[in-house]
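> My structure file work.txt, compact mmCIF, C-alpha atoms and all ligand atoms, is below:
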# COMPACT_ATOMS: atom_id res chain seq x y z
CA MET E 1 46.65 313.34 175.23
CA TYR E 2 47.21 315.95 177.97
CA ILE E 3 45.70 315.28 181.38
CA LEU E 4 45.39 317.38 184.52
CA GLY E 5 45.32 315.25 187.69
CA ILE E 6 44.04 316.61 191.01
CA GLU E 7 44.38 314.90 194.42
CA THR E 8 43.11 316.13 197.81
CA SER E 9 41.98 312.97 199.63
CA CYS E 10 43.98 313.46 202.84
CA ASP E 11 46.65 316.02 203.76
CA GLU E 12 48.36 316.64 200.43
CA THR E 13 47.03 319.16 197.90
CA ALA E 14 48.42 317.98 194.58
CA ALA E 15 48.10 318.74 190.87
CA SER E 16 49.96 317.37 187.90
CA LEU E 17 50.05 317.56 184.14
CA ILE E 18 51.00 314.53 182.11
CA LYS E 19 51.29 313.69 178.45
CA PHE E 20 49.93 310.21 177.77
CA ASN E 21 50.51 308.23 174.62
CA LYS E 22 47.34 306.20 174.13
CA LYS E 23 49.06 303.66 171.89
CA THR E 24 52.24 302.95 173.83
CA LYS E 25 50.78 303.95 177.24
CA GLN E 26 53.96 305.93 177.86
CA VAL E 27 53.74 308.74 180.36
CA GLN E 28 55.63 312.01 180.31
CA VAL E 29 55.33 313.90 183.58
CA LEU E 30 55.18 317.61 182.74
CA SER E 31 54.60 318.84 186.28
CA ASN E 32 54.09 317.35 189.73
CA ILE E 33 53.16 319.88 192.43
CA ILE E 34 52.48 318.79 195.99
CA SER E 35 51.68 321.04 198.90
CA SER E 36 52.13 318.83 201.95
CA GLN E 37 50.54 319.65 205.31
CA ILE E 38 52.78 317.28 207.29
CA GLN E 39 54.47 320.09 209.23
CA ILE E 40 51.05 321.45 210.30
CA HIS E 41 49.60 318.09 211.41
CA LYS E 42 52.84 317.04 213.13
CA LYS E 43 51.89 319.25 216.12
CA TYR E 44 48.76 317.14 216.68
CA GLY E 45 50.37 313.74 216.09
CA GLY E 46 48.10 313.00 213.10
CA VAL E 47 45.84 314.55 210.47
CA VAL E 48 43.15 316.90 211.86
CA PRO E 49 40.34 316.84 209.24
CA GLU E 50 39.11 320.43 209.80
CA VAL E 51 42.64 321.82 209.54
CA ALA E 52 43.31 319.73 206.42
CA ALA E 53 40.10 320.99 204.78
CA ARG E 54 41.01 324.63 205.38
CA GLU E 55 44.52 324.15 204.01
CA HIS E 56 43.18 322.50 200.84
CA VAL E 57 40.91 325.50 200.20
CA LEU E 58 43.88 327.86 200.52
CA ASN E 59 46.23 325.75 198.40
CA ILE E 60 44.21 324.22 195.60
CA ILE E 61 44.21 327.13 193.11
CA PRO E 62 47.90 328.07 193.62
CA VAL E 63 48.87 324.39 193.27
CA ILE E 64 46.88 323.94 190.02
CA ASN E 65 48.25 327.25 188.68
CA GLU E 66 51.79 326.15 189.44
CA ALA E 67 51.22 322.77 187.76
CA LEU E 68 49.99 324.56 184.63
CA ASN E 69 52.66 327.29 184.70
CA LYS E 70 55.47 324.71 184.88
CA THR E 71 54.41 323.63 181.40
CA GLN E 72 53.83 325.58 178.20
CA LEU E 73 50.27 324.29 178.10
CA LYS E 74 47.13 326.39 178.01
CA PRO E 75 43.96 325.01 179.60
CA LYS E 76 42.35 324.71 176.16
CA GLN E 77 45.02 322.14 175.19
CA LEU E 78 43.91 319.76 177.95
CA ASP E 79 42.06 316.62 176.90
CA LEU E 80 40.87 315.49 180.31
CA ILE E 81 40.72 316.22 184.03
CA GLY E 82 41.29 313.31 186.45
CA ILE E 83 40.04 313.80 190.00
CA THR E 84 40.16 311.70 193.19
CA LYS E 85 36.53 310.93 194.06
CA GLY E 86 37.36 308.87 197.19
CA PRO E 87 38.04 307.14 199.49
CA GLY E 88 39.44 309.64 201.97
CA LEU E 89 38.44 312.44 204.30
CA ILE E 90 35.18 313.87 202.97
CA THR E 91 36.03 317.49 203.76
CA SER E 92 39.42 317.11 202.04
CA LEU E 93 37.98 315.36 198.97
CA MET E 94 35.34 318.06 198.53
CA THR E 95 37.85 320.80 197.74
CA GLY E 96 39.42 318.80 194.91
CA VAL E 97 36.12 317.58 193.50
CA GLU E 98 34.41 321.00 193.58
CA THR E 99 37.45 322.62 191.96
CA ALA E 100 37.59 319.94 189.24
CA ARG E 101 33.85 320.38 188.59
CA THR E 102 34.27 324.13 188.22
CA LEU E 103 37.26 323.80 185.88
CA ALA E 104 35.49 321.15 183.79
CA TYR E 105 32.58 323.57 183.36
CA ALA E 106 34.69 326.69 182.77
CA TRP E 107 37.10 325.00 180.33
CA ASN E 108 34.51 322.65 178.86
CA LYS E 109 36.63 319.56 179.52
CA PRO E 110 35.64 315.97 180.23
CA ILE E 111 36.31 314.66 183.71
CA ILE E 112 37.14 311.18 184.98
CA GLU E 113 36.61 310.19 188.59
CA VAL E 114 39.47 308.14 190.05
CA ASN E 115 39.50 305.88 193.07
CA HIS E 116 42.48 306.92 195.23
CA ILE E 117 43.64 303.30 195.54
CA ASP E 118 43.53 302.94 191.76
CA GLY E 119 45.80 305.98 191.74
CA HIS E 120 48.32 304.17 193.97
CA ILE E 121 48.09 301.07 191.78
CA TYR E 122 48.83 303.12 188.66
CA SER E 123 51.90 304.71 190.27
CA ASN E 124 53.62 301.58 188.92
CA PHE E 125 52.59 302.56 185.39
CA ILE E 126 54.24 306.01 185.47
CA ASN E 127 57.78 304.92 184.59
CA PRO E 128 57.73 301.12 184.72
CA GLN E 129 61.27 299.77 185.11
CA SER E 130 60.29 296.93 182.76
CA THR E 131 57.26 295.63 180.88
CA ILE E 132 54.39 294.75 183.16
CA LYS E 133 53.33 291.18 182.46
CA PHE E 134 49.89 289.97 183.47
CA PRO E 135 48.36 288.60 185.60
CA ALA E 136 49.98 290.88 188.13
CA LEU E 137 49.77 291.07 191.91
CA ILE E 138 49.75 294.47 193.58
CA LEU E 139 50.25 295.13 197.28
CA THR E 140 48.95 298.60 198.15
CA VAL E 141 50.15 299.69 201.57
CA SER E 142 49.31 303.21 202.73
CA GLY E 143 48.08 305.12 205.76
CA GLY E 144 44.50 304.09 205.10
CA HIS E 145 44.77 300.83 203.15
CA THR E 146 46.43 297.44 203.00
CA ILE E 147 45.13 295.57 199.97
CA LEU E 148 46.36 292.68 197.85
CA LEU E 149 44.95 292.72 194.32
CA ARG E 150 45.21 290.70 191.18
CA MET E 151 45.22 292.59 187.88
CA SER E 152 44.33 290.80 184.64
CA LYS E 153 45.61 291.55 181.15
CA GLY E 154 42.59 293.74 180.54
CA GLN E 155 43.59 295.63 183.70
CA GLU E 156 40.54 294.51 185.62
CA ILE E 157 41.26 294.16 189.30
CA LYS E 158 40.09 291.71 191.91
CA ILE E 159 40.72 292.12 195.63
CA ILE E 160 42.41 289.03 197.08
CA GLY E 161 42.89 290.22 200.63
CA GLU E 162 42.80 293.32 202.81
CA THR E 163 43.28 294.43 206.37
CA ARG E 164 40.59 293.62 208.86
CA ASP E 165 41.55 296.51 211.14
CA ASP E 166 44.47 298.94 210.91
CA ALA E 167 46.38 299.61 207.69
CA ALA E 168 50.14 299.00 207.57
CA GLY E 169 50.84 302.75 207.48
CA GLU E 170 48.49 303.25 210.41
CA ALA E 171 50.51 300.61 212.32
CA TYR E 172 53.64 302.68 211.65
CA ASP E 173 51.90 305.93 212.67
CA LYS E 174 50.36 304.50 215.86
CA GLY E 175 53.56 302.64 216.78
CA ALA E 176 55.50 305.90 216.42
CA LYS E 177 53.05 307.67 218.70
CA MET E 178 53.58 305.01 221.41
CA LEU E 179 57.33 305.40 221.05
CA ASN E 180 56.98 309.16 221.41
CA LEU E 181 58.13 309.75 217.84
CA SER E 182 56.74 312.27 215.40
CA TYR E 183 54.09 311.95 212.67
CA PRO E 184 54.18 310.36 210.13
CA GLY E 185 55.53 307.23 211.76
CA GLY E 186 56.88 305.41 208.68
CA PRO E 187 59.94 307.53 207.89
CA ILE E 188 61.01 307.98 211.54
CA ILE E 189 60.55 304.31 212.51
CA SER E 190 62.49 303.22 209.43
CA TYR E 191 65.25 305.72 210.26
CA TYR E 192 65.73 304.32 213.80
CA ALA E 193 65.39 300.74 212.54
CA ALA E 194 68.24 301.41 210.09
CA GLN E 195 70.39 302.88 212.88
CA TYR E 196 69.78 299.79 214.97
CA LYS E 197 70.58 297.51 212.04
CA LYS E 198 73.95 299.27 211.71
CA THR E 199 74.62 298.70 215.43
CA LEU E 200 73.68 295.04 215.06
CA ASN E 201 76.02 294.61 212.12
CA LYS E 202 78.84 296.12 214.15
CA LEU E 203 78.06 293.78 217.05
CA ASN E 204 77.92 290.86 214.67
CA ASN E 205 81.61 291.26 214.20
CA LYS E 206 82.09 291.18 217.96
CA LYS E 207 80.38 288.94 220.50
CA LYS E 208 77.21 287.10 219.40
CA SER E 209 76.06 286.79 223.04
CA LEU E 210 75.93 290.56 223.36
CA LYS E 211 73.69 290.78 220.29
CA LYS E 212 71.32 288.19 221.73
CA SER E 213 70.94 290.07 225.00
CA ILE E 214 69.95 293.22 223.11
CA LEU E 215 67.33 291.43 221.01
CA GLU E 216 65.87 288.97 223.47
CA PRO E 217 63.29 290.97 225.41
CA ILE E 218 61.48 292.39 222.38
CA LEU E 219 59.35 289.63 220.94
CA LEU E 220 56.49 290.79 218.78
CA PRO E 221 53.84 288.64 217.08
CA ARG E 222 53.08 288.43 213.34
CA PRO E 223 49.26 288.37 213.44
CA MET E 224 47.52 286.28 210.74
CA ILE E 225 50.81 285.39 209.07
CA ASN E 226 49.78 281.74 208.82
CA SER E 227 46.06 282.29 208.26
CA ASN E 228 44.38 280.47 205.41
CA ASN E 229 43.56 283.62 203.47
CA PHE E 230 45.24 286.79 202.24
CA ASP E 231 43.81 289.18 204.81
CA PHE E 232 45.90 291.19 207.24
CA SER E 233 45.55 292.40 210.82
CA PHE E 234 47.85 294.94 212.47
CA SER E 235 45.95 296.04 215.56
CA GLY E 236 47.21 293.05 217.63
CA LEU E 237 50.79 293.94 216.76
CA LYS E 238 50.20 297.50 217.95
CA THR E 239 48.73 296.23 221.25
CA ALA E 240 51.66 293.81 221.67
CA LEU E 241 54.05 296.76 221.31
CA LEU E 242 52.09 298.68 223.94
CA TYR E 243 52.32 295.76 226.43
CA GLN E 244 56.04 295.37 225.78
CA LEU E 245 56.60 299.08 226.45
CA GLN E 246 54.55 298.92 229.66
CA LYS E 247 56.71 296.04 230.91
CA ASP E 248 59.99 297.74 230.04
CA PRO E 249 60.97 300.65 232.33
CA ASN E 250 63.97 301.38 230.11
CA TRP E 251 62.18 301.50 226.75
CA ARG E 252 63.13 305.15 226.16
CA GLU E 253 66.76 304.10 225.93
CA ARG E 254 65.92 301.35 223.47
CA VAL E 255 63.74 303.12 220.91
CA PRO E 256 65.87 302.05 217.88
CA ALA E 257 65.61 298.38 218.95
CA TYR E 258 61.82 298.68 219.27
CA CYS E 259 61.60 300.37 215.86
CA PHE E 260 63.67 297.61 214.29
CA GLN E 261 61.61 294.77 215.73
CA TYR E 262 58.26 296.47 215.10
CA GLN E 263 59.15 297.25 211.48
CA GLN E 264 60.43 293.72 210.92
CA ALA E 265 57.13 292.26 212.17
CA ILE E 266 55.22 294.43 209.65
CA ILE E 267 57.59 293.51 206.81
CA ASP E 268 57.46 289.76 207.61
CA ILE E 269 53.67 289.80 207.37
CA LEU E 270 53.60 291.81 204.11
CA VAL E 271 56.29 289.71 202.43
CA SER E 272 54.85 286.37 203.52
CA LYS E 273 51.29 287.12 202.36
CA THR E 274 52.44 288.60 199.07
CA LEU E 275 54.59 285.58 198.20
CA LYS E 276 51.82 283.17 199.18
CA ALA E 277 49.33 285.03 196.95
CA ALA E 278 51.80 285.26 194.06
CA LYS E 279 52.28 281.48 194.15
CA LYS E 280 48.58 280.69 194.46
CA PHE E 281 47.48 283.02 191.64
CA GLN E 282 50.53 282.28 189.47
CA VAL E 283 51.16 285.91 188.68
CA LYS E 284 53.95 287.11 186.41
CA THR E 285 54.58 290.50 188.01
CA ILE E 286 54.56 291.64 191.64
CA MET E 287 54.21 295.35 192.37
CA LEU E 288 54.19 297.49 195.51
CA SER E 289 52.42 300.81 195.93
CA GLY E 290 51.30 303.33 198.56
CA GLY E 291 53.18 305.39 201.14
CA VAL E 292 54.60 302.37 203.02
CA SER E 293 56.19 301.13 199.78
CA ALA E 294 58.66 304.03 200.17
CA ASN E 295 60.21 301.89 202.89
CA ILE E 296 63.73 300.82 201.90
CA GLU E 297 63.72 297.62 203.97
CA LEU E 298 60.33 296.51 202.63
CA ARG E 299 61.49 297.11 199.05
CA ALA E 300 64.78 295.27 199.62
CA GLN E 301 63.38 292.32 201.57
CA MET E 302 60.47 291.82 199.14
CA ALA E 303 62.86 291.99 196.15
CA ASN E 304 65.15 289.49 197.81
CA MET E 305 62.38 287.02 198.63
CA VAL E 306 60.83 287.26 195.15
CA LYS E 307 64.23 286.62 193.59
CA LYS E 308 64.80 283.62 195.85
CA ASN E 309 61.36 282.02 195.70
CA LEU E 310 59.86 283.20 192.40
CA PRO E 311 62.86 283.97 190.20
CA LYS E 312 60.76 284.18 187.01
CA ASN E 313 58.64 286.97 188.48
CA ASN E 314 59.04 290.61 187.65
CA PHE E 315 59.22 292.74 190.79
CA LEU E 316 58.35 296.43 190.41
CA VAL E 317 58.20 299.39 192.77
CA PRO E 318 57.21 302.94 191.90
CA ASP E 319 59.74 305.74 191.96
CA LYS E 320 59.86 306.86 195.62
CA LYS E 321 58.33 310.26 194.88
CA TYR E 322 55.22 308.50 193.55
CA THR E 323 54.68 306.22 196.56
CA THR E 324 53.07 308.79 198.87
CA ASP E 325 50.06 310.85 197.75
CA ASN E 326 50.55 312.76 194.49
CA ALA E 327 48.49 313.79 191.47
CA VAL E 328 50.64 312.15 188.78
CA MET E 329 49.24 308.76 189.77
CA ILE E 330 45.69 310.17 189.56
CA ALA E 331 46.30 311.56 186.07
CA VAL E 332 47.81 308.24 184.95
CA ALA E 333 44.91 306.23 186.39
CA ALA E 334 42.48 308.60 184.60
CA ALA E 335 44.43 308.11 181.35
CA HIS E 336 44.17 304.32 181.56
CA LYS E 337 40.52 304.51 182.54
CA SER E 338 39.62 306.91 179.76
CA LYS E 339 39.71 304.09 177.23
CA GLY E 340 36.17 302.94 176.57
CA HIS E 341 35.01 304.85 179.64
CA LYS E 342 32.53 307.65 179.25
CA SER E 343 33.52 310.81 181.01
CA VAL E 344 30.92 311.91 183.54
CA ASN E 345 29.09 315.22 183.15
CA PHE E 346 30.52 317.69 185.66
CA LYS E 347 27.08 318.09 187.20
CA GLN E 348 27.07 314.43 188.22
CA ILE E 349 30.52 314.37 189.82
CA ARG E 350 30.23 313.61 193.52
CA VAL E 351 32.57 312.88 196.41
CA ASP E 352 32.37 309.38 197.89
CA ALA E 353 34.41 309.17 201.11
CA SER E 354 34.04 305.38 201.29
CA LEU E 355 34.30 304.64 197.57
CA GLN E 356 34.86 300.92 196.91
CA LEU E 357 37.34 299.55 194.39
CA LYS E 358 35.78 298.07 191.25
O1 LIG A 1 49.91 306.76 200.47
P1 LIG A 1 50.01 307.73 201.58
O2 LIG A 1 50.77 309.00 201.33
O3 LIG A 1 48.59 308.18 202.09
C1 LIG A 1 47.47 307.36 202.17
O4 LIG A 1 46.84 307.12 201.11
O5 LIG A 1 47.21 306.91 203.31
O6 LIG A 1 50.63 306.94 202.80
C2 LIG A 1 50.95 307.54 204.02
C3 LIG A 1 51.50 306.48 204.95
C4 LIG A 1 51.71 306.96 206.38
O7 LIG A 1 51.09 306.05 207.25
C5 LIG A 1 53.23 306.94 206.54
O8 LIG A 1 53.65 306.64 207.86
C6 LIG A 1 53.64 305.85 205.57
O9 LIG A 1 52.77 306.00 204.48
N1 LIG A 1 55.03 306.00 205.12
C7 LIG A 1 55.99 305.08 205.35
C8 LIG A 1 57.18 305.62 204.83
N2 LIG A 1 56.90 306.83 204.27
C9 LIG A 1 55.57 307.06 204.47
N3 LIG A 1 55.94 303.89 205.97
C10 LIG A 1 57.08 303.19 206.08
N4 LIG A 1 58.25 303.63 205.61
C11 LIG A 1 58.37 304.82 204.98
N5 LIG A 1 59.56 305.24 204.53
ZN ZN A 2 47.30 307.51 199.41
Let me see the file written as structure tokens.
Ligand code: KG4
Ligand code: ZN


Amino acid sequence: MYILGIETSCDETAASLIKFNKKTKQVQVLSNIISSQIQIHKKYGGVVPEVAAREHVLNIIPVINEALNKTQLKPKQLDLIGITKGPGLITSLMTGVETARTLAYAWNKPIIEVNHIDGHIYSNFINPQSTIKFPALILTVSGGHTILLRMSKGQEIKIIGETRDDAAGEAYDKGAKMLNLSYPGGPIISYYAAQYKKTLNKLNNKKKSLKKSILEPILLPRPMINSNNFDFSFSGLKTALLYQLQKDPNWRERVPAYCFQYQQAIIDILVSKTLKAAKKFQVKTIMLSGGVSANIELRAQMANMVKKNLPKNNFLVPDKKYTTDNAVMIAVAAAHKSKGHKSVNFKQIRVDASLQLK
């Protein structure tokens, strides 16, 4: 079947066409168009909803046209439209949903509403590096969400834990702002952290005492790492960074060191909770998803810890281009959900900015 996916939940206008084999569940990505607004929002240090909404209106039709034109497909060949219903910014979501409604009416096509987090989860099903064995554990870490889920063989999901305050990506973005770095925080913090790691490795070959003096003053907590549940909290870490910066008159000269320590605190929490949940729920596969799962250190450290502690487990990460917001993951989620799921009449399709996962 051929599916058009549309995603406009935050600051990316995206459309994609996929070919989905219902029997084998194999996905062929025919087009993946993303118009990112990062350069526009960078000036403001974060996403400005009104600006995002206006950009979506300008971009949605050209983006869908491009996604179609990249393929030989005609709209009449489509089997289904998959659209992000929520959660996200309501004024951003509306552009995608209204466009999908109009196309469903004009082309007489069924439509499936997709939860944005389900989209991230299904980014692991686009080109799985190996067979996904169930039950599976999925850590979704993005700018708006930090959720640990268990997925059964029938692909039903159950939330095991989530953040009580900021999301992991939000911690990166807010940390970057404090360190006077640009938006989005994840890529820039991980860049400086990697630079610092290189410096540390060089020092390792020299005097150990020198290394210690560089590290010593930056001690950051790992909130809730030992809590008796699978929930997360990142706002205390952010405040701890703020206090450290206020105490350190020379922090501007030590930005890479701060990035390294701050990132490591986030990774320690994510890895520790994921391993604990994987053991408790005896899962066979562990998967990452969401924008933060683009992080090289998180991917490497999680892989390493899974190999060491749960060697029988499969560890999967999506292709990097499918970690941040895109419409391929929405089309794939719609494809999986189309089985035994009645498509909704276009008249009943509605945005839900705080849509819950089911
Ligand atoms: O999934 P996504 O594109 O949007 C949401 O659904 O929120 O995730 C965006 C988030 C931002 O907070 C950004 O800082 C973070 O993902 N991010 C990263 C990296 N690339 C993007 N975080 C850590 N390391 C990265 N390389
Ligand atoms: Zn997202």

> Can you sort out the box for ligand LIG 1 (chain A), edges along x, y and z, all listed atoms in, 5 Å on every side, with centre and edge lengths in Å to one decimal, as JSON?


{"center_x": 53.2, "center_y": 306.1, "center_z": 204.2, "size_x": 22.7, "size_y": 15.8, "size_z": 17.4}

> I'd like the interatomic distance between atom CA of Ser152 of chain E and atom CA of Thr285 of chain E, to a tenth of an Å.

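Result for atom CA of Ser152 of chain E versus atom CA of Thr285 of chain E: 10.8 Å, one decimal.
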
> Using all atoms listed in the file, pick whichever of E:Lys23, E:Ile38, E:Lys337, E:Pro249 has the shortest atom-to-atom distance to Lys358 of chain E.

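Smallest separation from Lys358 of chain E among the options: E:Lys337.
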
> If I take atom CA of Ala333 of chain E and atom CA of Asp118 of chain E, how far is one from the other in Å, to one decimal?

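Result for atom CA of Ala333 of chain E versus atom CA of Asp118 of chain E: 6.4 Å, one decimal.
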
> Which residues, written as a CSV table (one decimal) with C-alpha atoms, keeping the file's coordinate frame, have at least one atom at most 9 Å from Arg350 of chain E, with all atoms listed in the file counted and residues fewer than 2 positions away on the same chain left out?


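part27.csv, written as the output of this step:
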chain,number,residue,atom,x,y,z
E,85,LYS,CA,36.5,310.9,194.1
E,94,MET,CA,35.3,318.1,198.5
E,97,VAL,CA,36.1,317.6,193.5
E,98,GLU,CA,34.4,321.0,193.6
E,113,GLU,CA,36.6,310.2,188.6
E,346,PHE,CA,30.5,317.7,185.7
E,347,LYS,CA,27.1,318.1,187.2
E,348,GLN,CA,27.1,314.4,188.2
E,352,ASP,CA,32.4,309.4,197.9

> Kindly indicate which residue among E:Ala67, E:Ile111, E:Leu181, E:Met305 lies nearest to ligand LIG 1 (chain A), using all atoms listed in the file for the distances.

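Closest to ligand LIG 1 (chain A) of all the choices is E:Leu181.
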
> Check which residues of chain E sit at most 9 Å from ligand LIG 1 (chain A) using all atoms listed in the file, and return one row each with the closest pair of atoms and their distance in Å to one decimal, ordered by chain and rising number, as JSON lines.


{"residue": "E:Ser9", "atom": "CA", "partner": "A:LIG1", "partner_atom": "O4", "distance": 7.7}
{"residue": "E:Cys10", "atom": "CA", "partner": "A:LIG1", "partner_atom": "O3", "distance": 7.0}
{"residue": "E:Asp11", "atom": "CA", "partner": "A:LIG1", "partner_atom": "O3", "distance": 8.2}
{"residue": "E:Glu12", "atom": "CA", "partner": "A:LIG1", "partner_atom": "O2", "distance": 8.1}
{"residue": "E:Pro87", "atom": "CA", "partner": "A:LIG1", "partner_atom": "O4", "distance": 8.9}
{"residue": "E:Gly88", "atom": "CA", "partner": "A:LIG1", "partner_atom": "O4", "distance": 7.9}
{"residue": "E:His116", "atom": "CA", "partner": "A:LIG1", "partner_atom": "O4", "distance": 7.3}
{"residue": "E:Ile117", "atom": "CA", "partner": "A:LIG1", "partner_atom": "O4", "distance": 7.5}
{"residue": "E:His120", "atom": "CA", "partner": "A:LIG1", "partner_atom": "O1", "distance": 7.2}
{"residue": "E:Thr140", "atom": "CA", "partner": "A:LIG1", "partner_atom": "O1", "distance": 8.5}
{"residue": "E:Val141", "atom": "CA", "partner": "A:LIG1", "partner_atom": "O1", "distance": 7.2}
{"residue": "E:Ser142", "atom": "CA", "partner": "A:LIG1", "partner_atom": "O6", "distance": 4.0}
{"residue": "E:Gly143", "atom": "CA", "partner": "A:LIG1", "partner_atom": "O5", "distance": 3.2}
{"residue": "E:Gly144", "atom": "CA", "partner": "A:LIG1", "partner_atom": "O5", "distance": 4.3}
{"residue": "E:His145", "atom": "CA", "partner": "A:LIG1", "partner_atom": "O5", "distance": 6.6}
{"residue": "E:Ala167", "atom": "CA", "partner": "A:LIG1", "partner_atom": "O7", "distance": 8.0}
{"residue": "E:Ala168", "atom": "CA", "partner": "A:LIG1", "partner_atom": "O7", "distance": 7.1}
{"residue": "E:Gly169", "atom": "CA", "partner": "A:LIG1", "partner_atom": "O7", "distance": 3.3}
{"residue": "E:Glu170", "atom": "CA", "partner": "A:LIG1", "partner_atom": "O7", "distance": 5.0}
{"residue": "E:Ala171", "atom": "CA", "partner": "A:LIG1", "partner_atom": "O7", "distance": 7.5}
{"residue": "E:Tyr172", "atom": "CA", "partner": "A:LIG1", "partner_atom": "O8", "distance": 5.5}
{"residue": "E:Asp173", "atom": "CA", "partner": "A:LIG1", "partner_atom": "O8", "distance": 5.2}
{"residue": "E:Lys174", "atom": "CA", "partner": "A:LIG1", "partner_atom": "O7", "distance": 8.8}
{"residue": "E:Ala176", "atom": "CA", "partner": "A:LIG1", "partner_atom": "O8", "distance": 8.8}
{"residue": "E:Tyr183", "atom": "CA", "partner": "A:LIG1", "partner_atom": "O8", "distance": 7.2}
{"residue": "E:Pro184", "atom": "CA", "partner": "A:LIG1", "partner_atom": "O8", "distance": 4.4}
{"residue": "E:Gly185", "atom": "CA", "partner": "A:LIG1", "partner_atom": "O8", "distance": 4.4}
{"residue": "E:Gly186", "atom": "CA", "partner": "A:LIG1", "partner_atom": "N3", "distance": 3.2}
{"residue": "E:Pro187", "atom": "CA", "partner": "A:LIG1", "partner_atom": "N5", "distance": 4.1}
{"residue": "E:Ile188", "atom": "CA", "partner": "A:LIG1", "partner_atom": "N5", "distance": 7.7}
{"residue": "E:Ile189", "atom": "CA", "partner": "A:LIG1", "partner_atom": "N4", "distance": 7.3}
{"residue": "E:Ser190", "atom": "CA", "partner": "A:LIG1", "partner_atom": "N4", "distance": 5.7}
{"residue": "E:Tyr191", "atom": "CA", "partner": "A:LIG1", "partner_atom": "N5", "distance": 8.1}
{"residue": "E:Gln263", "atom": "CA", "partner": "A:LIG1", "partner_atom": "C10", "distance": 8.3}
{"residue": "E:Ser289", "atom": "CA", "partner": "A:LIG1", "partner_atom": "O1", "distance": 7.9}
{"residue": "E:Gly290", "atom": "CA", "partner": "A:LIG1", "partner_atom": "O1", "distance": 4.2}
{"residue": "E:Gly291", "atom": "CA", "partner": "A:LIG1", "partner_atom": "O6", "distance": 3.4}
{"residue": "E:Val292", "atom": "CA", "partner": "A:LIG1", "partner_atom": "N3", "distance": 3.6}
{"residue": "E:Ser293", "atom": "CA", "partner": "A:LIG1", "partner_atom": "N4", "distance": 6.7}
{"residue": "E:Ala294", "atom": "CA", "partner": "A:LIG1", "partner_atom": "N5", "distance": 4.6}
{"residue": "E:Asn295", "atom": "CA", "partner": "A:LIG1", "partner_atom": "N4", "distance": 3.8}
{"residue": "E:Ile296", "atom": "CA", "partner": "A:LIG1", "partner_atom": "N5", "distance": 6.6}
{"residue": "E:Glu297", "atom": "CA", "partner": "A:LIG1", "partner_atom": "N4", "distance": 8.3}
{"residue": "E:Leu298", "atom": "CA", "partner": "A:LIG1", "partner_atom": "N4", "distance": 8.0}
{"residue": "E:Tyr322", "atom": "CA", "partner": "A:LIG1", "partner_atom": "O1", "distance": 8.9}
{"residue": "E:Thr323", "atom": "CA", "partner": "A:LIG1", "partner_atom": "O1", "distance": 6.2}
{"residue": "E:Thr324", "atom": "CA", "partner": "A:LIG1", "partner_atom": "O2", "distance": 3.4}
{"residue": "E:Asp325", "atom": "CA", "partner": "A:LIG1", "partner_atom": "O2", "distance": 4.1}
{"residue": "E:Asn326", "atom": "CA", "partner": "A:LIG1", "partner_atom": "O2", "distance": 7.8}
